[in-house]
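All remarks here apply to the structure that follows.
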Amino acid sequence: MDLNIIILIILMVAALWTTMTRSLLRAAIGLALMSLALTLLMFRLNSGLAAVFELSVCAGLIPVLFVSTISLTHPLTKEEVLQHMKDRIRRFWYLPLIIVAAGITLSFVTVTMNIKLPPPEAAKNVRAVLWNDRPLYLVGQIIILLVGAFSVVILFKESEKNEH
Amino acid sequence: MNIEILQIFWPFLLFVIMLFIIGIYCIAITFNLIRTLLGVEILIKAVTLLVIVAGFITGRTALAQAVIISLIVVEAVSITVAVGIVLGIHSHNNSLDTRKIVDTDK
Amino acid sequence: MLSLLIVVPFFSILFFNLPFFSYLRRAITVWAYVLFCSQIALAFRLFSPAFLASFTSQAHLFNFNIALDNLSLIVLLSSAIILFVTLILATYLIDSQTKRFNFVNLLFFVQAGLNGLVLSRDMFSLYIFLEIVAIASYILIVFDKDIKALSAAFKYVILSTVASVLMIASIALVLLFSGDTQFSAIRIAIGSQAPNLLIMFSVALFVCATFVKAGAVPFHGWLPEVYSHSPAAVSVLLAGIISKALGIYTLMRVVNDVFGINSQVSSALLFIGTVSIAIGALAALVQKDFKKMLGFSSISQIGYIILGLGSGTALGFAGAAFHIFNHAIFKSLLFVNSAAIESRTRTTHMENLGGLSKVMPVTGATSVAAFLSAAGLPPLAGFWSKLLIVMALVLSGHIVYAVLAIILSALTLAYLLSMQRMIFFGKLNERFSNIKEAEFGFSLSSIILAGIIIITGLLYPFVFEKFILPLAGSI
């Protein structure tokens, strides 16, 4: 098996762990592990710039956001944790079985499609594409970042006041 | 010629479909608000992988990376707003259980 | 020059938020009125083809892939009118200065996002501007931090983000077979190969995603709760333009310009449209809460628009676009009236109200205009758009669907008439015998919107020639 399949299996195991683990903090760390595996895959598929973006934002910023919100909300007591664990094993235990079964059945399916791929063209630089060909994406990104800043001002300031 | 390329990258599509199933299962089954957000994150990772693979097969890696960079920005802001809503629910209810939210029909 | 429509609201936000100009913050409401009215005037002026050609042909500083055609113009006009009405409501309903400042900033974001959505000719920039409007609407729904609004908004956020993921998956598959995300390149790529599984799968994913955002059945679970629990001004905005622009405009643009309507897509659209009309109308009959009933009524009317699109003809397309405009006007009029009633009587439960037309005559009269237009009675505007849709269905051979649309329109009349009877006619409840008419802002917006309905209905030949025919010609 080549390296891509191994990284894909790591990605899948991290996703399963994020879904099934009982502690929310470990789930956030599982998310960071998923982003790490995705970054390695992107480096292997010739997409270096997006890989660095993914590593810095999705493996850095978003787990920090999740960990801070998990610690802002009250943790469960010991009895609730035990009850929660029994509940969750009952609900979640057949997820890995479904996934493995789906994987094995789907790998035997061979779909032959007559798709005409687009003609190959010269490889371009990402920064040139974003600035020259698609500047509207940049405008959209700037506006969304402003919306994010506004949401932090509107949503988070008030909830801190409520807790005081 | 292109059918062979697709056969080589069929494992990638397979794993994307399995990640989709995991993500939708996580959103549907859990009772915790934050774990629903984690399920949404798993779905977004799956679709990021799909865009990168599509860009690699057709050779348009630059366009795929431009799409992914914008998608990561949108995802970060969406998660921020969703976390804001979760904190608002928590400050009313003091719990993150979806079964304990006030029934909205009353 | 076209990019000014996106850039001017964005720079307004930047300008008013700079720390030097904090003494100018009170002026933001005035500037917002100026901006929305100028967009209404611009949209009217742009309906003449000569001005349109001269407006769009100027050279851009950047290589933006934006263009304006008649479908975009109708959504541009409706969004400007609804934003104007929402601003009037917000000036009356929101008290504190900082909250009003935040609200107007969010309205600017919605305006920039909607303008970018209707102008873009590239699938991924369509998605980015759609997300701008969606995220701004999430913040607007939880503006008052009420627990019911928060839980309804959370459900909406999760469902809407899953729909966005489906949309990106569709864009990824499009990238696989066409190598580019611009509308023209995708159309050429589809035209040059036989219809195969990949194209059909990407169309199906995209159409399902837009059904979730528009609120068509079976993905309508979020809609009634969100409409009834969000603040009054935000309900007007959501019901009037946001659900329709994010869902229906995107569906019409992509299915018409990019993928093309073939028989499978057409039959799927017809089926989902009819089921939406039926379930929306049947559920609205049994509702006791005014705003929730209006939410189910929106689901029903969106079914009509999908039905018009699914007929596959130019006439159906024109009827669907005209119904977008009509539904924006009459649905927001109904929501403005519900906000007026709620501000005076503190309840929206229909069984507790009654006989309000004696004490609130303006609200009652404009509500009559709104519901007659919704039910499709001549000579109001709603009749003409429903007539166009039914005629398009008959002319393209779908007689069964046309008959079903006419029968279900009787159901629409039934639940709206019962709403009118329960709230406005009948005996006046003693608790409400000394309330006054709604405040000036509510009455002004009700009268403006009712005036638009009546004028559009009466001047229909003129409207048809100037606005609808160019729309049909653009297919």
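Ligands are numbered from 1 in the order shown, residues from 1 within each chain, and chains are lettered A, B, ... in the order they appear in the structure tokens.
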Check your understanding: Could you list, as a ChimeraX atom specification, every residue of chain B that has an atom within 8 Å of an atom of chain A, counting only C-alpha atoms?
Key -> /B:2-3,11-12,14-15,18-19,21-22,26,29,34-35,38-39,41-42,45,49,52-53,56,58-63,65-66,68-70,72-74,76-81,83-85,87-88,90-91,94-95
**Study point:** chain C residues near chain B (8 Å cut-off, only C-alpha atoms) as a PyMOL selection string
**Key:** chain C and resi 124+128+131+135+138-139+142+145+147-148+150-154+157-158+161-162+165+168-169+172-173+175-176+179-180+225
For the residues in that selection, give me N, CA and C atoms as a short mmCIF file (atom, residue, chain, number, x, y, z; two decimals), in the first residue's frame.
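Here's the written file part_23.cif:
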data_model
loop_
_atom_site.label_atom_id
_atom_site.label_comp_id
_atom_site.auth_asym_id
_atom_site.auth_seq_id
_atom_site.Cartn_x
_atom_site.Cartn_y
_atom_site.Cartn_z
N PHE C 124 -18.16 29.60 -7.52
CA PHE C 124 -17.65 29.67 -6.16
C PHE C 124 -17.84 31.05 -5.56
N ILE C 128 -19.56 32.11 -2.02
CA ILE C 128 -18.99 32.98 -0.97
C ILE C 128 -19.99 34.05 -0.57
N GLU C 131 -22.75 32.67 1.52
CA GLU C 131 -22.35 32.47 2.90
C GLU C 131 -22.29 33.79 3.66
N ILE C 135 -24.39 34.01 7.04
CA ILE C 135 -23.79 34.25 8.35
C ILE C 135 -24.35 35.53 8.96
N TYR C 138 -27.61 34.61 10.44
CA TYR C 138 -27.54 33.90 11.72
C TYR C 138 -27.42 34.90 12.88
N ILE C 139 -26.54 35.91 12.67
CA ILE C 139 -26.35 36.87 13.75
C ILE C 139 -27.62 37.68 13.97
N VAL C 142 -30.30 35.84 16.15
CA VAL C 142 -30.09 35.80 17.59
C VAL C 142 -29.81 37.18 18.13
N LYS C 145 -31.10 37.57 21.73
CA LYS C 145 -30.61 36.56 22.67
C LYS C 145 -31.73 35.89 23.45
N ILE C 147 -34.09 32.68 24.25
CA ILE C 147 -33.68 31.27 24.20
C ILE C 147 -34.34 30.52 23.06
N LYS C 148 -35.60 30.89 22.74
CA LYS C 148 -36.26 30.19 21.63
C LYS C 148 -35.57 30.54 20.32
N LEU C 150 -32.46 31.37 20.00
CA LEU C 150 -31.15 30.72 19.98
C LEU C 150 -31.27 29.27 19.55
N SER C 151 -32.24 28.53 20.09
CA SER C 151 -32.31 27.12 19.72
C SER C 151 -32.79 26.93 18.30
N ALA C 152 -33.73 27.79 17.84
CA ALA C 152 -34.15 27.69 16.43
C ALA C 152 -32.99 28.04 15.51
N ALA C 153 -32.21 29.05 15.91
CA ALA C 153 -31.07 29.45 15.07
C ALA C 153 -30.03 28.36 15.03
N PHE C 154 -29.82 27.62 16.13
CA PHE C 154 -28.82 26.56 16.10
C PHE C 154 -29.21 25.47 15.12
N VAL C 157 -28.52 26.80 11.73
CA VAL C 157 -27.10 26.86 11.38
C VAL C 157 -26.61 25.49 10.95
N ILE C 158 -26.95 24.45 11.71
CA ILE C 158 -26.44 23.13 11.38
C ILE C 158 -26.97 22.67 10.02
N THR C 161 -25.42 24.69 7.19
CA THR C 161 -24.02 24.38 6.91
C THR C 161 -23.90 23.04 6.20
N VAL C 162 -24.74 22.08 6.54
CA VAL C 162 -24.72 20.80 5.81
C VAL C 162 -25.08 21.05 4.34
N VAL C 165 -22.14 22.38 2.58
CA VAL C 165 -21.18 21.33 2.29
C VAL C 165 -21.59 20.58 1.02
N ILE C 168 -20.63 22.69 -1.96
CA ILE C 168 -19.21 22.63 -2.29
C ILE C 168 -18.87 21.29 -2.93
N ALA C 169 -19.52 20.22 -2.46
CA ALA C 169 -19.27 18.92 -3.10
C ALA C 169 -19.69 18.97 -4.57
N ALA C 172 -17.06 20.77 -6.44
CA ALA C 172 -15.88 19.93 -6.65
C ALA C 172 -16.09 18.99 -7.83
N LEU C 173 -17.31 18.40 -7.94
CA LEU C 173 -17.57 17.50 -9.06
C LEU C 173 -17.58 18.28 -10.38
N LEU C 175 -15.76 20.89 -10.95
CA LEU C 175 -14.33 21.10 -11.25
C LEU C 175 -13.74 19.87 -11.91
N LEU C 176 -14.28 18.70 -11.54
CA LEU C 176 -13.74 17.46 -12.10
C LEU C 176 -14.04 17.33 -13.58
N GLY C 179 -13.06 21.70 -15.19
CA GLY C 179 -11.79 22.37 -14.99
C GLY C 179 -11.88 23.85 -14.67
N ASP C 180 -13.09 24.39 -14.53
CA ASP C 180 -13.20 25.81 -14.29
C ASP C 180 -14.50 26.04 -13.56
N GLU C 225 -40.09 27.57 12.74
CA GLU C 225 -39.61 28.03 14.04
C GLU C 225 -38.75 29.27 13.91
#
Each residue of chain C with at least one atom at most 9 Å from chain A should appear once, together with its nearest atom pair and the corresponding distance in Å (one decimal); atoms considered: only C-alpha atoms; ordering: chain, then increasing residue number; output as JSON lines.
{"residue": "C:Val7", "atom": "CA", "partner": "A:Val139", "partner_atom": "CA", "distance": 8.7}
{"residue": "C:Phe10", "atom": "CA", "partner": "A:Ile143", "partner_atom": "CA", "distance": 7.2}
{"residue": "C:Leu14", "atom": "CA", "partner": "A:Leu146", "partner_atom": "CA", "distance": 8.9}
{"residue": "C:Phe62", "atom": "CA", "partner": "A:Pro135", "partner_atom": "CA", "distance": 7.0}
{"residue": "C:Asn63", "atom": "CA", "partner": "A:Asp133", "partner_atom": "CA", "distance": 6.5}
{"residue": "C:Phe64", "atom": "CA", "partner": "A:Leu136", "partner_atom": "CA", "distance": 5.8}
{"residue": "C:Asn65", "atom": "CA", "partner": "A:Leu136", "partner_atom": "CA", "distance": 7.5}
{"residue": "C:Ile66", "atom": "CA", "partner": "A:Leu136", "partner_atom": "CA", "distance": 8.8}
{"residue": "C:Lys99", "atom": "CA", "partner": "A:Ile154", "partner_atom": "CA", "distance": 8.9}
{"residue": "C:Asn102", "atom": "CA", "partner": "A:Ile154", "partner_atom": "CA", "distance": 7.6}
{"residue": "C:Asn105", "atom": "CA", "partner": "A:Phe150", "partner_atom": "CA", "distance": 8.7}
{"residue": "C:Leu106", "atom": "CA", "partner": "A:Val147", "partner_atom": "CA", "distance": 8.1}
{"residue": "C:Phe109", "atom": "CA", "partner": "A:Val147", "partner_atom": "CA", "distance": 7.4}
{"residue": "C:Ala112", "atom": "CA", "partner": "A:Ile143", "partner_atom": "CA", "distance": 8.6}
{"residue": "C:Gly113", "atom": "CA", "partner": "A:Gly140", "partner_atom": "CA", "distance": 8.5}
{"residue": "C:Gly116", "atom": "CA", "partner": "A:Gly140", "partner_atom": "CA", "distance": 8.6}
{"residue": "C:Ser120", "atom": "CA", "partner": "A:Leu136", "partner_atom": "CA", "distance": 8.7}
{"residue": "C:Phe124", "atom": "CA", "partner": "A:Tyr137", "partner_atom": "CA", "distance": 7.9}
{"residue": "C:Ser125", "atom": "CA", "partner": "A:Tyr137", "partner_atom": "CA", "distance": 5.9}
{"residue": "C:Ile128", "atom": "CA", "partner": "A:Gly140", "partner_atom": "CA", "distance": 6.0}
{"residue": "C:Phe129", "atom": "CA", "partner": "A:Gly140", "partner_atom": "CA", "distance": 6.4}
{"residue": "C:Glu131", "atom": "CA", "partner": "A:Ile144", "partner_atom": "CA", "distance": 8.1}
{"residue": "C:Ile132", "atom": "CA", "partner": "A:Ile144", "partner_atom": "CA", "distance": 5.8}
{"residue": "C:Ile135", "atom": "CA", "partner": "A:Val147", "partner_atom": "CA", "distance": 7.5}
{"residue": "C:Ala136", "atom": "CA", "partner": "A:Val147", "partner_atom": "CA", "distance": 6.8}
{"residue": "C:Ile139", "atom": "CA", "partner": "A:Ser151", "partner_atom": "CA", "distance": 6.6}
{"residue": "C:Val142", "atom": "CA", "partner": "A:Leu155", "partner_atom": "CA", "distance": 8.4}
{"residue": "C:Phe143", "atom": "CA", "partner": "A:Ile154", "partner_atom": "CA", "distance": 8.1}
{"residue": "C:Lys145", "atom": "CA", "partner": "A:Leu155", "partner_atom": "CA", "distance": 8.6}
{"residue": "C:Leu176", "atom": "CA", "partner": "A:Leu117", "partner_atom": "CA", "distance": 7.0}
{"residue": "C:Phe177", "atom": "CA", "partner": "A:Leu117", "partner_atom": "CA", "distance": 5.4}
{"residue": "C:Ser178", "atom": "CA", "partner": "A:Pro118", "partner_atom": "CA", "distance": 5.5}
{"residue": "C:Gly179", "atom": "CA", "partner": "A:Pro118", "partner_atom": "CA", "distance": 5.6}
{"residue": "C:Asp180", "atom": "CA", "partner": "A:Pro118", "partner_atom": "CA", "distance": 8.8}
{"residue": "C:Ala189", "atom": "CA", "partner": "A:Pro118", "partner_atom": "CA", "distance": 7.9}
{"residue": "C:Ser192", "atom": "CA", "partner": "A:Lys116", "partner_atom": "CA", "distance": 8.9}
{"residue": "C:Gln193", "atom": "CA", "partner": "A:Lys116", "partner_atom": "CA", "distance": 7.0}
{"residue": "C:Ala194", "atom": "CA", "partner": "A:Asn114", "partner_atom": "CA", "distance": 8.8}
{"residue": "C:Asn196", "atom": "CA", "partner": "A:Met113", "partner_atom": "CA", "distance": 7.4}
{"residue": "C:Leu197", "atom": "CA", "partner": "A:Met113", "partner_atom": "CA", "distance": 7.3}
{"residue": "C:Leu198", "atom": "CA", "partner": "A:Ile115", "partner_atom": "CA", "distance": 7.8}
Review point. Quick one: residues within 12 Å of Leu404 (chain C), only C-alpha atoms counted, chain neighbours fewer than 2 positions away excluded, as a VMD selection string?
Key: chain C and resid 270 to 271 273 to 278 303 to 304 307 390 393 to 394 398 to 402 406 to 411
Output the selection as an mmCIF file, in the first residue's frame - C-alpha atoms for each residue.
data_model
loop_
_atom_site.group_PDB
_atom_site.id
_atom_site.type_symbol
_atom_site.label_atom_id
_atom_site.label_comp_id
_atom_site.auth_asym_id
_atom_site.auth_seq_id
_atom_site.Cartn_x
_atom_site.Cartn_y
_atom_site.Cartn_z
ATOM 1 C CA LEU C 270 -42.421 19.828 -10.574
ATOM 2 C CA PHE C 271 -42.869 17.083 -8.011
ATOM 3 C CA GLY C 273 -42.948 22.120 -6.045
ATOM 4 C CA THR C 274 -46.373 20.503 -5.847
ATOM 5 C CA VAL C 275 -45.551 18.671 -2.622
ATOM 6 C CA SER C 276 -44.311 21.941 -1.088
ATOM 7 C CA ILE C 277 -47.503 23.766 -2.004
ATOM 8 C CA ALA C 278 -49.644 20.965 -0.603
ATOM 9 C CA GLY C 303 -43.544 25.704 -4.098
ATOM 10 C CA TYR C 304 -45.283 27.863 -6.716
ATOM 11 C CA LEU C 307 -43.346 24.822 -10.105
ATOM 12 C CA VAL C 390 -50.400 28.001 -14.600
ATOM 13 C CA LEU C 393 -47.670 24.518 -17.120
ATOM 14 C CA VAL C 394 -50.613 24.053 -19.467
ATOM 15 C CA HIS C 398 -48.218 19.311 -17.621
ATOM 16 C CA ILE C 399 -51.982 19.540 -17.286
ATOM 17 C CA VAL C 400 -52.166 17.548 -14.059
ATOM 18 C CA TYR C 401 -49.795 19.897 -12.285
ATOM 19 C CA ALA C 402 -51.728 22.928 -13.524
ATOM 20 C CA ILE C 406 -55.377 25.778 -9.131
ATOM 21 C CA ILE C 407 -57.005 23.478 -6.575
ATOM 22 C CA LEU C 408 -54.314 24.161 -3.965
ATOM 23 C CA SER C 409 -54.692 27.867 -4.569
ATOM 24 C CA ALA C 410 -58.164 27.515 -3.114
ATOM 25 C CA LEU C 411 -56.526 26.123 0.061
#
Practice item. Give me the residues within 8 Å of Val104 (chain C) as an MDAnalysis selection string, counting only C-alpha atoms and dropping any in the same chain fewer than 2 places off. Key: chainID C and resid 28:29 32 87 100:102 106:108
Check your understanding: Of the candidates C:Ile241, C:Val207, C:Ala284, C:Ile389, which shows the shortest atom-to-atom distance to Asn115 (chain C), using only C-alpha atoms?
Key ->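 For Asn115 (chain C), the nearest of the candidates is C:Ile241.
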Review point. To one decimal place, how far is CA of Leu3 (chain A) from CA of Arg44 (chain A) in Å?
Key: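 Answer for the CA of Leu3 (chain A) to CA of Arg44 (chain A) separation: 9.2 Å.
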